>>> print(open('my_file_20.pdb').read())   # PDB, C-alpha atoms and all ligand atoms
MODEL        1
ATOM      1  CA  MET R   1       0.000   0.000   0.000
ATOM      2  CA  ASN R   2       1.403   3.426  -0.788
ATOM      3  CA  ARG R   3       1.625   6.327   1.574
ATOM      4  CA  ALA R   4      -1.470   8.204   0.350
ATOM      5  CA  ALA R   5      -3.557   5.064   0.738
ATOM      6  CA  ARG R   6      -2.164   4.519   4.245
ATOM      7  CA  ILE R   7      -3.091   8.061   5.210
ATOM      8  CA  GLY R   8      -6.556   7.718   3.690
ATOM      9  CA  ALA R   9      -7.118   4.425   5.522
ATOM     10  CA  CYS R  10      -6.456   5.822   8.989
ATOM     11  CA  GLY R  11      -9.428   8.224   8.921
ATOM     12  CA  HIS R  12     -13.112   7.560   9.560
ATOM     13  CA  GLY R  13     -16.136   7.841   7.241
ATOM     14  CA  GLY R  14     -16.552  11.469   6.118
ATOM     15  CA  GLN R  15     -13.166  12.540   7.508
ATOM     16  CA  VAL R  16     -10.543  13.926   5.091
ATOM     17  CA  VAL R  17      -7.041  13.327   6.429
ATOM     18  CA  ILE R  18      -4.089  14.951   4.672
ATOM     19  CA  SER R  19      -0.322  14.836   4.870
ATOM     20  CA  PRO R  20       2.036  17.791   5.479
ATOM     21  CA  ALA R  21       3.065  17.534   1.799
ATOM     22  CA  THR R  22      -0.538  18.101   0.726
ATOM     23  CA  VAL R  23      -0.946  20.932   3.233
ATOM     24  CA  GLY R  24       2.058  22.579   1.576
ATOM     25  CA  LEU R  25       0.248  22.505  -1.766
ATOM     26  CA  LEU R  26      -2.900  24.159  -0.452
ATOM     27  CA  GLU R  27      -3.461  27.888  -0.812
ATOM     28  CA  PRO R  28      -2.740  29.338   2.665
ATOM     29  CA  LYS R  29      -5.971  29.734   4.652
ATOM     30  CA  ALA R  30      -8.101  28.550   1.699
ATOM     31  CA  PHE R  31      -9.378  25.599   3.751
ATOM     32  CA  PRO R  32      -9.958  25.227   7.482
ATOM     33  CA  LEU R  33      -7.378  22.717   8.767
ATOM     34  CA  LYS R  34      -7.131  20.948  12.080
ATOM     35  CA  GLU R  35      -3.820  19.527  13.234
ATOM     36  CA  LEU R  36      -4.215  15.957  14.460
ATOM     37  CA  GLY R  37      -0.740  15.583  15.931
ATOM     38  CA  ALA R  38       2.098  13.190  15.084
ATOM     39  CA  HIS R  39       1.081   9.692  14.014
ATOM     40  CA  ARG R  40       2.911   6.556  12.954
ATOM     41  CA  LEU R  41       1.462   4.881   9.875
ATOM     42  CA  LYS R  42       1.336   1.137   9.458
ATOM     43  CA  ASP R  43       4.285   1.152   7.085
ATOM     44  CA  LEU R  44       6.219   1.506  10.379
ATOM     45  CA  SER R  45       7.956   4.674   9.206
ATOM     46  CA  ALA R  46       8.809   7.603  11.487
ATOM     47  CA  PRO R  47       5.814   9.631  12.766
ATOM     48  CA  VAL R  48       4.241  12.288  10.510
ATOM     49  CA  THR R  49       2.003  15.191  11.517
ATOM     50  CA  LEU R  50      -1.446  14.673  10.001
ATOM     51  CA  TYR R  51      -4.144  17.260   9.345
ATOM     52  CA  GLN R  52      -7.874  17.122   8.857
ATOM     53  CA  LEU R  53      -9.895  19.223   6.480
ATOM     54  CA  GLY R  54     -12.581  21.043   8.487
ATOM     55  CA  ASP R  55     -13.030  20.995  12.249
ATOM     56  CA  ALA R  56     -15.552  18.170  12.755
ATOM     57  CA  GLU R  57     -14.916  15.782  15.665
ATOM     58  CA  PHE R  58     -13.977  12.175  14.896
ATOM     59  CA  ALA R  59     -12.722   9.181  16.890
ATOM     60  CA  PRO R  60      -8.909   8.921  17.141
ATOM     61  CA  LEU R  61      -7.133   8.036  13.887
ATOM     62  CA  LYS R  62      -6.464   4.362  13.197
ATOM     63  CA  THR R  63      -2.702   4.712  13.296
ATOM     64  CA  LEU R  64      -0.076   2.955  15.380
ATOM     65  CA  PHE R  65      -0.391   4.043  18.955
ATOM     66  CA  ARG R  66       0.680   2.327  22.127
ATOM     67  CA  THR R  67       3.199   0.261  20.242
ATOM     68  CA  ASN R  68       6.931  -0.031  20.613
ATOM     69  CA  LEU R  69       7.456  -1.546  17.153
ATOM     70  CA  PRO R  70      10.843  -0.382  15.852
ATOM     71  CA  ILE R  71      11.206   1.821  12.771
ATOM     72  CA  PRO R  72      13.069  -0.373  10.248
ATOM     73  CA  ALA R  73      15.830   1.360   8.312
ATOM     74  CA  THR R  74      14.519   0.041   4.964
ATOM     75  CA  PRO R  75      11.057  -0.434   3.416
ATOM     76  CA  PHE R  76       9.186  -3.729   3.593
ATOM     77  CA  LEU R  77       8.959  -5.557   0.252
ATOM     78  CA  GLY R  78       6.503  -8.112  -1.119
ATOM     79  CA  ARG R  79       4.626 -10.789   0.857
ATOM     80  CA  GLU R  80       1.260  -9.091   0.200
ATOM     81  CA  ALA R  81      -0.737 -12.322  -0.114
ATOM     82  CA  GLU R  82       0.989 -13.890   2.914
ATOM     83  CA  LEU R  83       0.236 -10.811   5.014
ATOM     84  CA  ASP R  84      -3.449 -10.880   4.078
ATOM     85  CA  ASP R  85      -3.664 -14.580   4.754
ATOM     86  CA  LEU R  86      -1.974 -14.379   8.150
ATOM     87  CA  ALA R  87      -3.828 -11.240   9.217
ATOM     88  CA  GLU R  88      -7.035 -13.140   8.627
ATOM     89  CA  ARG R  89      -5.843 -16.192  10.556
ATOM     90  CA  ALA R  90      -4.591 -14.067  13.430
ATOM     91  CA  SER R  91      -7.947 -12.282  13.624
ATOM     92  CA  SER R  92      -9.780 -15.481  14.465
ATOM     93  CA  PRO R  93     -10.539 -15.704  18.213
ATOM     94  CA  ALA R  94      -9.479 -19.346  17.996
ATOM     95  CA  VAL R  95      -5.898 -18.282  17.327
ATOM     96  CA  ARG R  96      -4.134 -17.170  20.513
ATOM     97  CA  LEU R  97      -0.541 -18.144  19.738
ATOM     98  CA  LEU R  98       0.885 -17.838  16.259
ATOM     99  CA  THR R  99       4.496 -18.829  15.639
ATOM    100  CA  LEU R 100       6.329 -17.850  12.475
ATOM    101  CA  VAL R 101       8.987 -20.481  11.838
ATOM    102  CA  GLY R 102      11.746 -20.756   9.275
ATOM    103  CA  PRO R 103      15.548 -20.810   8.994
ATOM    104  CA  GLY R 104      17.620 -17.793  10.059
ATOM    105  CA  GLY R 105      17.440 -14.929   7.590
ATOM    106  CA  THR R 106      14.125 -15.933   5.923
ATOM    107  CA  GLY R 107      12.499 -12.696   7.036
ATOM    108  CA  LYS R 108      10.475 -13.916  10.049
ATOM    109  CA  THR R 109      11.179 -10.851  12.175
ATOM    110  CA  ARG R 110      10.414  -8.373   9.395
ATOM    111  CA  PHE R 111       7.246 -10.231   8.540
ATOM    112  CA  ALA R 112       6.102 -10.396  12.159
ATOM    113  CA  LEU R 113       6.703  -6.662  12.667
ATOM    114  CA  GLN R 114       4.670  -5.879   9.563
ATOM    115  CA  LEU R 115       1.894  -8.253  10.586
ATOM    116  CA  ALA R 116       1.775  -6.734  14.077
ATOM    117  CA  ALA R 117       1.455  -3.246  12.567
ATOM    118  CA  GLU R 118      -1.365  -4.403  10.298
ATOM    119  CA  LEU R 119      -3.208  -5.919  13.259
ATOM    120  CA  ALA R 120      -2.695  -2.957  15.604
ATOM    121  CA  ASP R 121      -6.244  -1.557  15.295
ATOM    122  CA  ALA R 122      -7.626  -4.679  16.941
ATOM    123  CA  PHE R 123      -5.450  -4.204  20.042
ATOM    124  CA  PRO R 124      -6.512  -1.059  21.924
ATOM    125  CA  ASP R 125      -4.284  -1.912  24.883
ATOM    126  CA  GLY R 126      -1.223  -1.961  22.677
ATOM    127  CA  VAL R 127       1.203  -3.945  20.567
ATOM    128  CA  ARG R 128       4.401  -4.838  22.408
ATOM    129  CA  TRP R 129       7.557  -6.119  20.783
ATOM    130  CA  VAL R 130      10.055  -8.051  22.914
ATOM    131  CA  PRO R 131      13.301  -8.729  21.016
ATOM    132  CA  LEU R 132      15.034 -11.775  22.473
ATOM    133  CA  ALA R 133      17.890 -12.225  19.969
ATOM    134  CA  SER R 134      20.544 -10.724  22.207
ATOM    135  CA  LEU R 135      19.546 -12.600  25.380
ATOM    136  CA  ARG R 136      22.196 -15.126  26.299
ATOM    137  CA  ASP R 137      20.564 -16.439  29.448
ATOM    138  CA  PRO R 138      17.099 -18.075  29.235
ATOM    139  CA  SER R 139      16.394 -17.010  32.806
ATOM    140  CA  LEU R 140      16.242 -13.409  31.555
ATOM    141  CA  VAL R 141      13.282 -13.967  29.225
ATOM    142  CA  ALA R 142      10.684 -13.236  31.906
ATOM    143  CA  SER R 143      12.362  -9.998  32.897
ATOM    144  CA  ALA R 144      12.736  -8.922  29.262
ATOM    145  CA  VAL R 145       8.982  -9.389  28.792
ATOM    146  CA  ALA R 146       8.185  -7.699  32.102
ATOM    147  CA  GLN R 147      10.359  -4.735  31.273
ATOM    148  CA  VAL R 148       8.647  -4.126  27.926
ATOM    149  CA  LEU R 149       5.206  -4.483  29.530
ATOM    150  CA  GLU R 150       6.281  -2.293  32.467
ATOM    151  CA  VAL R 151       5.292  -5.015  34.922
ATOM    152  CA  GLU R 152       7.005  -5.205  38.291
ATOM    153  CA  GLU R 153       7.521  -8.287  40.380
ATOM    154  CA  GLY R 154       5.119  -8.349  43.329
ATOM    155  CA  SER R 155       6.217  -9.763  46.666
ATOM    156  CA  GLY R 156       5.695 -13.516  46.919
ATOM    157  CA  GLU R 157       4.686 -13.936  43.293
ATOM    158  CA  SER R 158       6.767 -15.023  40.319
ATOM    159  CA  LEU R 159       7.461 -12.635  37.472
ATOM    160  CA  GLY R 160       5.548 -14.977  35.154
ATOM    161  CA  ASN R 161       2.444 -14.658  37.355
ATOM    162  CA  ALA R 162       2.857 -10.908  37.568
ATOM    163  CA  ILE R 163       2.926 -10.741  33.755
ATOM    164  CA  SER R 164      -0.178 -12.923  33.386
ATOM    165  CA  GLY R 165      -1.924 -10.860  36.071
ATOM    166  CA  ALA R 166      -1.112  -7.582  34.376
ATOM    167  CA  LEU R 167      -2.437  -8.782  31.011
ATOM    168  CA  ALA R 168      -5.480 -10.665  32.335
ATOM    169  CA  ALA R 169      -8.093  -8.145  31.176
ATOM    170  CA  LYS R 170      -6.058  -6.525  28.420
ATOM    171  CA  ARG R 171      -6.374  -6.669  24.653
ATOM    172  CA  VAL R 172      -2.686  -6.756  23.828
ATOM    173  CA  LEU R 173      -0.634  -8.195  20.996
ATOM    174  CA  LEU R 174       2.632  -9.510  22.410
ATOM    175  CA  LEU R 175       5.377 -10.224  19.889
ATOM    176  CA  LEU R 176       8.201 -12.397  21.219
ATOM    177  CA  ASP R 177      10.848 -12.116  18.556
ATOM    178  CA  ASN R 178      13.674 -14.622  17.988
ATOM    179  CA  CYS R 179      12.730 -17.298  20.509
ATOM    180  CA  GLU R 180      14.837 -20.121  19.035
ATOM    181  CA  HIS R 181      17.648 -20.050  21.597
ATOM    182  CA  VAL R 182      15.335 -19.624  24.604
ATOM    183  CA  LEU R 183      12.452 -21.895  23.566
ATOM    184  CA  ASP R 184      11.697 -23.450  26.958
ATOM    185  CA  ALA R 185      11.788 -20.149  28.789
ATOM    186  CA  ALA R 186       9.530 -18.538  26.187
ATOM    187  CA  ALA R 187       7.099 -21.449  26.386
ATOM    188  CA  GLN R 188       6.999 -21.070  30.170
ATOM    189  CA  ILE R 189       5.891 -17.467  29.850
ATOM    190  CA  VAL R 190       3.450 -18.066  27.010
ATOM    191  CA  SER R 191       1.616 -21.107  28.399
ATOM    192  CA  PRO R 192       0.137 -19.434  31.483
ATOM    193  CA  LEU R 193      -0.568 -16.289  29.466
ATOM    194  CA  LEU R 194      -2.780 -18.277  27.106
ATOM    195  CA  ARG R 195      -4.614 -19.797  30.047
ATOM    196  CA  SER R 196      -5.321 -16.611  31.956
ATOM    197  CA  CYS R 197      -5.406 -13.811  29.370
ATOM    198  CA  PRO R 198      -8.215 -14.526  26.890
ATOM    199  CA  GLU R 199      -7.808 -11.289  24.932
ATOM    200  CA  VAL R 200      -4.061 -11.485  24.409
ATOM    201  CA  LEU R 201      -2.623 -12.624  21.076
ATOM    202  CA  VAL R 202       0.929 -13.906  21.244
ATOM    203  CA  LEU R 203       2.936 -13.746  18.049
ATOM    204  CA  THR R 204       6.375 -15.354  18.093
ATOM    205  CA  THR R 205       9.204 -15.847  15.624
ATOM    206  CA  SER R 206      11.511 -18.813  15.988
ATOM    207  CA  ARG R 207      13.454 -21.344  13.992
ATOM    208  CA  GLU R 208      11.412 -24.029  15.751
ATOM    209  CA  PRO R 209       7.897 -24.029  17.212
ATOM    210  CA  LEU R 210       7.470 -23.406  20.955
ATOM    211  CA  ALA R 211       5.492 -26.656  21.221
ATOM    212  CA  VAL R 212       2.856 -25.183  23.519
ATOM    213  CA  ALA R 213      -0.776 -26.367  23.481
ATOM    214  CA  GLY R 214      -2.849 -24.246  21.114
ATOM    215  CA  GLU R 215       0.107 -23.067  19.035
ATOM    216  CA  HIS R 216      -0.551 -22.298  15.367
ATOM    217  CA  VAL R 217       2.580 -22.632  13.263
ATOM    218  CA  TYR R 218       3.215 -20.746  10.049
ATOM    219  CA  ASP R 219       6.158 -21.660   7.882
ATOM    220  CA  VAL R 220       7.723 -18.476   6.479
ATOM    221  CA  GLN R 221       8.983 -19.046   2.952
ATOM    222  CA  PRO R 222      11.826 -17.108   1.328
ATOM    223  CA  LEU R 223      10.796 -14.172  -0.874
ATOM    224  CA  LEU R 224       9.240 -14.658  -4.302
ATOM    225  CA  SER R 225      11.932 -14.363  -6.961
ATOM    226  CA  ARG R 226      10.534 -11.015  -8.093
ATOM    227  CA  ASP R 227      10.679  -9.572  -4.555
ATOM    228  CA  ALA R 228      14.169 -10.965  -3.904
ATOM    229  CA  ILE R 229      15.301  -9.174  -7.071
ATOM    230  CA  SER R 230      13.703  -5.911  -5.873
ATOM    231  CA  LEU R 231      15.424  -6.371  -2.514
ATOM    232  CA  PHE R 232      18.808  -6.896  -4.190
ATOM    233  CA  ASP R 233      18.177  -3.907  -6.397
ATOM    234  CA  ALA R 234      17.232  -1.588  -3.547
ATOM    235  CA  ARG R 235      20.129  -2.622  -1.314
ATOM    236  CA  ALA R 236      22.689  -2.620  -4.122
ATOM    237  CA  ARG R 237      21.681   0.899  -5.201
ATOM    238  CA  ALA R 238      21.789   2.049  -1.589
ATOM    239  CA  ALA R 239      25.364   0.716  -1.453
ATOM    240  CA  GLY R 240      26.218   2.835  -4.495
ATOM    241  CA  ALA R 241      26.017   0.220  -7.238
ATOM    242  CA  VAL R 242      24.984   1.213 -10.746
ATOM    243  CA  LEU R 243      22.827  -1.547 -12.217
ATOM    244  CA  ASP R 244      21.313  -1.022 -15.584
ATOM    245  CA  SER R 245      22.452  -3.353 -18.315
ATOM    246  CA  THR R 246      20.287  -6.314 -19.212
ATOM    247  CA  ALA R 247      23.292  -8.513 -18.467
ATOM    248  CA  SER R 248      23.259  -7.465 -14.830
ATOM    249  CA  ARG R 249      19.466  -8.112 -14.701
ATOM    250  CA  SER R 250      19.929 -11.722 -15.639
ATOM    251  CA  SER R 251      22.907 -12.126 -13.285
ATOM    252  CA  ILE R 252      20.858 -10.665 -10.417
ATOM    253  CA  GLU R 253      18.077 -13.103 -11.065
ATOM    254  CA  LYS R 254      20.524 -16.028 -11.085
ATOM    255  CA  LEU R 255      22.295 -14.701  -8.019
ATOM    256  CA  CYS R 256      19.052 -14.465  -6.032
ATOM    257  CA  ALA R 257      18.009 -17.951  -7.114
ATOM    258  CA  ARG R 258      21.438 -19.205  -6.083
ATOM    259  CA  LEU R 259      20.848 -17.631  -2.649
ATOM    260  CA  ASP R 260      17.437 -19.350  -2.495
ATOM    261  CA  ASN R 261      15.837 -15.866  -2.424
ATOM    262  CA  LEU R 262      16.720 -15.765   1.267
ATOM    263  CA  PRO R 263      16.419 -12.067   2.246
ATOM    264  CA  LEU R 264      19.419 -11.937   4.572
ATOM    265  CA  ALA R 265      21.699 -13.612   2.015
ATOM    266  CA  VAL R 266      20.388 -11.346  -0.756
ATOM    267  CA  GLU R 267      21.061  -8.259   1.379
ATOM    268  CA  LEU R 268      24.588  -9.335   2.229
ATOM    269  CA  ALA R 269      25.381 -10.023  -1.425
ATOM    270  CA  ALA R 270      23.865  -6.675  -2.456
ATOM    271  CA  ALA R 271      26.083  -4.861   0.022
ATOM    272  CA  ARG R 272      29.031  -5.955  -2.172
ATOM    273  CA  ALA R 273      27.465  -4.834  -5.435
ATOM    274  CA  ALA R 274      29.192  -1.448  -5.472
ATOM    275  CA  GLN R 275      32.588  -3.154  -5.723
ATOM    276  CA  LEU R 276      31.640  -6.155  -7.834
ATOM    277  CA  PRO R 277      29.103  -6.299 -10.673
ATOM    278  CA  PRO R 278      26.393  -8.973 -10.294
ATOM    279  CA  ALA R 279      28.090 -11.366 -12.746
ATOM    280  CA  ALA R 280      31.297 -11.286 -10.690
ATOM    281  CA  LEU R 281      29.293 -11.734  -7.482
ATOM    282  CA  LEU R 282      27.693 -14.805  -8.981
ATOM    283  CA  GLU R 283      31.084 -16.191  -9.920
ATOM    284  CA  ARG R 284      32.514 -15.535  -6.456
ATOM    285  CA  LEU R 285      29.544 -17.207  -4.890
ATOM    286  CA  SER R 286      30.233 -20.320  -6.909
ATOM    287  CA  SER R 287      33.816 -20.322  -5.698
ATOM    288  CA  ARG R 288      32.659 -19.798  -2.079
ATOM    289  CA  VAL R 289      34.673 -16.704  -1.261
ATOM    290  CA  ASP R 290      33.429 -15.005   1.920
ATOM    291  CA  LEU R 291      30.947 -12.906   0.064
ATOM    292  CA  LEU R 292      28.373 -12.939   2.780
ATOM    293  CA  LYS R 293      30.182 -11.152   5.556
ATOM    294  CA  GLY R 294      27.742  -8.860   7.364
ATOM    295  CA  PRO R 295      28.009  -5.149   8.101
ATOM    296  CA  ARG R 296      29.701  -3.945  11.275
ATOM    297  CA  ASP R 297      26.448  -3.362  13.162
ATOM    298  CA  ALA R 298      24.906  -6.703  12.236
ATOM    299  CA  ASP R 299      24.194  -9.112  15.059
ATOM    300  CA  GLU R 300      26.190 -12.266  15.676
ATOM    301  CA  ARG R 301      23.747 -14.415  13.681
ATOM    302  CA  GLN R 302      24.178 -12.246  10.596
ATOM    303  CA  ARG R 303      27.937 -12.035  10.856
ATOM    304  CA  THR R 304      28.188 -15.813  10.966
ATOM    305  CA  LEU R 305      25.615 -16.668   8.290
TER
HETATM  306  N1  LIG N 401       9.949  -8.504   3.169
HETATM  307  C1  LIG N 401      11.108  -7.875   3.379
HETATM  308  N2  LIG N 401      11.338  -6.630   2.875
HETATM  309  C2  LIG N 401      12.501  -6.004   3.088
HETATM  310  N3  LIG N 401      13.523  -6.515   3.784
HETATM  311  C3  LIG N 401      13.361  -7.744   4.315
HETATM  312  C4  LIG N 401      12.159  -8.481   4.136
HETATM  313  N4  LIG N 401      12.289  -9.664   4.772
HETATM  314  C5  LIG N 401      13.496  -9.659   5.319
HETATM  315  N5  LIG N 401      14.160  -8.523   5.065
HETATM  316  C6  LIG N 401      15.519  -8.172   5.532
HETATM  317  O1  LIG N 401      16.307  -9.357   5.525
HETATM  318  C7  LIG N 401      17.064  -9.476   6.716
HETATM  319  C8  LIG N 401      16.705 -10.756   7.446
HETATM  320  O2  LIG N 401      15.356 -10.694   7.856
HETATM  321  P1  LIG N 401      14.879 -11.113   9.324
HETATM  322  O3  LIG N 401      13.444 -10.737   9.428
HETATM  323  O4  LIG N 401      15.799 -10.601  10.359
HETATM  324  O5  LIG N 401      15.036 -12.705   9.223
HETATM  325  P2  LIG N 401      14.788 -13.783  10.364
HETATM  326  O6  LIG N 401      14.042 -13.123  11.479
HETATM  327  O7  LIG N 401      13.999 -14.874   9.709
HETATM  328  O8  LIG N 401      16.145 -14.279  10.761
HETATM  329  C9  LIG N 401      16.780  -8.231   7.526
HETATM  330  O9  LIG N 401      17.783  -7.273   7.303
HETATM  331  C10 LIG N 401      15.446  -7.755   6.995
HETATM  332  O10 LIG N 401      15.288  -6.362   7.139
HETATM  333 MG    MG N 402      14.481 -12.873  13.460
ENDMDL
END
>>> encode(input="my_file_20.pdb", output="structure tokens")
Amino acid sequence: MNRAARIGACGHGGQVVISPATVGLLEPKAFPLKELGAHRLKDLSAPVTLYQLGDAEFAPLKTLFRTNLPIPATPFLGREAELDDLAERASSPAVRLLTLVGPGGTGKTRFALQLAAELADAFPDGVRWVPLASLRDPSLVASAVAQVLEVEEGSGESLGNAISGALAAKRVLLLLDNCEHVLDAAAQIVSPLLRSCPEVLVLTTSREPLAVAGEHVYDVQPLLSRDAISLFDARARAAGAVLDSTASRSSIEKLCARLDNLPLAVELAAARAAQLPPAALLERLSSRVDLLKGPRDADERQRTL
């Protein structure tokens, strides 16, 4: 969905919501405008100030509020049909725990963040993202969750119980991201939550399922070839590569296929595209040179892919 459509979709029937860019195009004072404050749109970009034409009163805009979803540095590509499909599944009251599984670098985290943003309207008490990738000690999972939910340990009660107690009557979407290395600890938090918090939806990403009763598992596939090519293109251009000949088109397609259209691998290859044209990248890949070394700020998982 493009930006204008996102802005249009966050208003209510009869309400005209406009962006600062549109305000800039209007004749000064030609229309009565009401400032609606800064809002985050569901494309997860940085907040924008939105305006309304006229001064009628409407319910709050359907934008991201009460969420701590991060602002990704790059736009989300593809997966339209998968997003629709999963948003529908996740909206069923029968689904309380949805786990996105797949190998490292398939795009589980990105997909889960996007799905959580799409579902945000249905969770008036908030959407909370708990990143677990950097936790080394499983015993810290409960406190990571508690910290994000701003729950404090009561005297004589476990942190797990305090979390379940705090969410008991809340309509919250809890996203536990990168559970694979702390599966048991995550399951121990999630299980009681499902039992005592009927309105909470737990979304998790993991290389393996949590194996908790009631879990719905969704296997995240690599990108479609077309989207992997767009991803390579975008990242390669960002790295300063010039890609225009038809020869590089066909090499990019082969390169992505060779990388199984795995987003992380495609990104790492694209980061090299300013130094090496796609055909040379393809050749290097065949000779297994360390093409896929991650950027300096990548996490451990990426650096060792
Ligand atoms: N649909 C997508 N659009 C744009 N970038 C993506 C997409 N899916 C994955 N990526 C990028 O690929 C990399 C790996 O994705 P990530 O979600 O971290 O994988 P996983 O969680 O499965 O290990 C990240 O840098 C992410 O931003
Ligand atoms: Mg992840």
>>> closest_residue(input="my_file_20.pdb", among="R:Ala120, R:Leu77, R:Ile163, R:Val200", to="ligand LIG 401 (chain N)", atoms="all atoms listed in the file")
R:Leu77
>>> closest_atom_pairs(input="my_file_20.pdb", of="chain R", to="ligand MG 402 (chain N)", cutoff="6 Å", atoms="only C-alpha atoms and all ligand atoms", output="JSON lines")
{"residue": "R:Lys108", "atom": "CA", "partner": "N:MG402", "partner_atom": "MG", "distance": 5.4}
{"residue": "R:Thr109", "atom": "CA", "partner": "N:MG402", "partner_atom": "MG", "distance": 4.1}
{"residue": "R:Asn178", "atom": "CA", "partner": "N:MG402", "partner_atom": "MG", "distance": 4.9}
>>> resolve_selection(input="my_file_20.pdb", expression="the PyMOL selection byres (((chain R and resi 113) around 9) and not hetatm)", output="PyMOL selection string")
chain R and resi 44+69-70+108-112+114-118+129+175
>>> closest_residue(input="my_file_20.pdb", among="R:Val145, R:Leu100, R:Val127, R:Ala169", to="ligand LIG 401 (chain N)", atoms="only C-alpha atoms and all ligand atoms")
R:Leu100
>>> residues_near_ligand(input="my_file_20.pdb", ligand="ligand LIG 401 (chain N)", cutoff="9 Å", atoms="only C-alpha atoms and all ligand atoms", output="PyMOL selection string")
chain R and resi 72-79+100-114+177-178+205-207+220+222-223+227-228+231+262-268+298+301-302
>>> closest_residue(input="my_file_20.pdb", among="R:Thr67, R:Gln275, R:Gln147, R:Ser155", to="Val172 of chain R", atoms="all atoms listed in the file")
R:Thr67
>>> atom_distance(input="my_file_20.pdb", atom1="atom CA of Leu83 of chain R", atom2="atom CA of Cys10 of chain R")
18.4 Å
>>> residues_near_point(input="my_file_20.pdb", point="(-2.3, 9.0, 7.2)", cutoff="7 Å", atoms="only C-alpha atoms", output="ChimeraX atom specification")
/R:4,6-10,17-19,41,50
>>> closest_residue(input="my_file_20.pdb", among="R:Glu180, R:Glu88, R:Asp121, R:Asp55", to="Glu35 of chain R", atoms="only C-alpha atoms")
R:Asp55
>>> residues_around(input="my_file_20.pdb", residues="His181 of chain R", least_positions_apart="3", cutoff="10 Å", atoms="all atoms listed in the file", output="number ranges by chain")
R: 132-138, 178, 184-186, 206-208
>>> resolve_selection(input="my_file_20.pdb", expression="the PyMOL selection byres (((chain R and resi 148-150) around 9) and not hetatm)", output="list in words")
Asn68, Arg128, Trp129, Val130, Ser143, Ala144, Val145, Ala146, Gln147, Val151, Glu152, Ile163, Ala166 and Leu167 of chain R
>>> closest_residue(input="my_file_20.pdb", among="R:Leu119, R:Glu283, R:Val242, R:Leu259", to="Ala87 of chain R", atoms="all atoms listed in the file")
R:Leu119
>>> decode(input="my_file_20.pdb", residues="segment 261-271 of chain R", atoms="N, CA, C and O atoms", output="compact mmCIF listing (two decimals), in the first residue's frame")
# COMPACT_ATOMS: atom_id res chain seq x y z
N ASN R 261 16.70 -17.02 -2.70
CA ASN R 261 15.84 -15.87 -2.42
C ASN R 261 15.69 -15.59 -0.93
O ASN R 261 14.67 -15.07 -0.47
N LEU R 262 16.70 -15.98 -0.18
CA LEU R 262 16.72 -15.76 1.27
C LEU R 262 17.10 -14.29 1.53
O LEU R 262 18.19 -13.86 1.18
N PRO R 263 16.18 -13.51 2.15
CA PRO R 263 16.42 -12.07 2.25
C PRO R 263 17.77 -11.68 2.85
O PRO R 263 18.45 -10.80 2.33
N LEU R 264 18.16 -12.34 3.94
CA LEU R 264 19.42 -11.94 4.57
C LEU R 264 20.60 -12.15 3.63
O LEU R 264 21.47 -11.29 3.49
N ALA R 265 20.61 -13.31 2.95
CA ALA R 265 21.70 -13.61 2.02
C ALA R 265 21.69 -12.62 0.85
O ALA R 265 22.75 -12.14 0.41
N VAL R 266 20.50 -12.30 0.36
CA VAL R 266 20.39 -11.35 -0.76
C VAL R 266 20.93 -9.97 -0.33
O VAL R 266 21.67 -9.33 -1.06
N GLU R 267 20.58 -9.56 0.89
CA GLU R 267 21.06 -8.26 1.38
C GLU R 267 22.58 -8.23 1.50
O GLU R 267 23.22 -7.24 1.16
N LEU R 268 23.13 -9.31 2.02
CA LEU R 268 24.59 -9.33 2.23
C LEU R 268 25.32 -9.32 0.88
O LEU R 268 26.33 -8.65 0.73
N ALA R 269 24.77 -10.03 -0.09
CA ALA R 269 25.38 -10.02 -1.42
C ALA R 269 25.27 -8.62 -2.04
O ALA R 269 26.21 -8.10 -2.63
N ALA R 270 24.10 -8.00 -1.86
CA ALA R 270 23.86 -6.67 -2.46
C ALA R 270 24.81 -5.63 -1.88
O ALA R 270 25.21 -4.68 -2.57
N ALA R 271 25.19 -5.83 -0.62
CA ALA R 271 26.08 -4.86 0.02
C ALA R 271 27.44 -4.82 -0.69
O ALA R 271 28.19 -3.86 -0.56
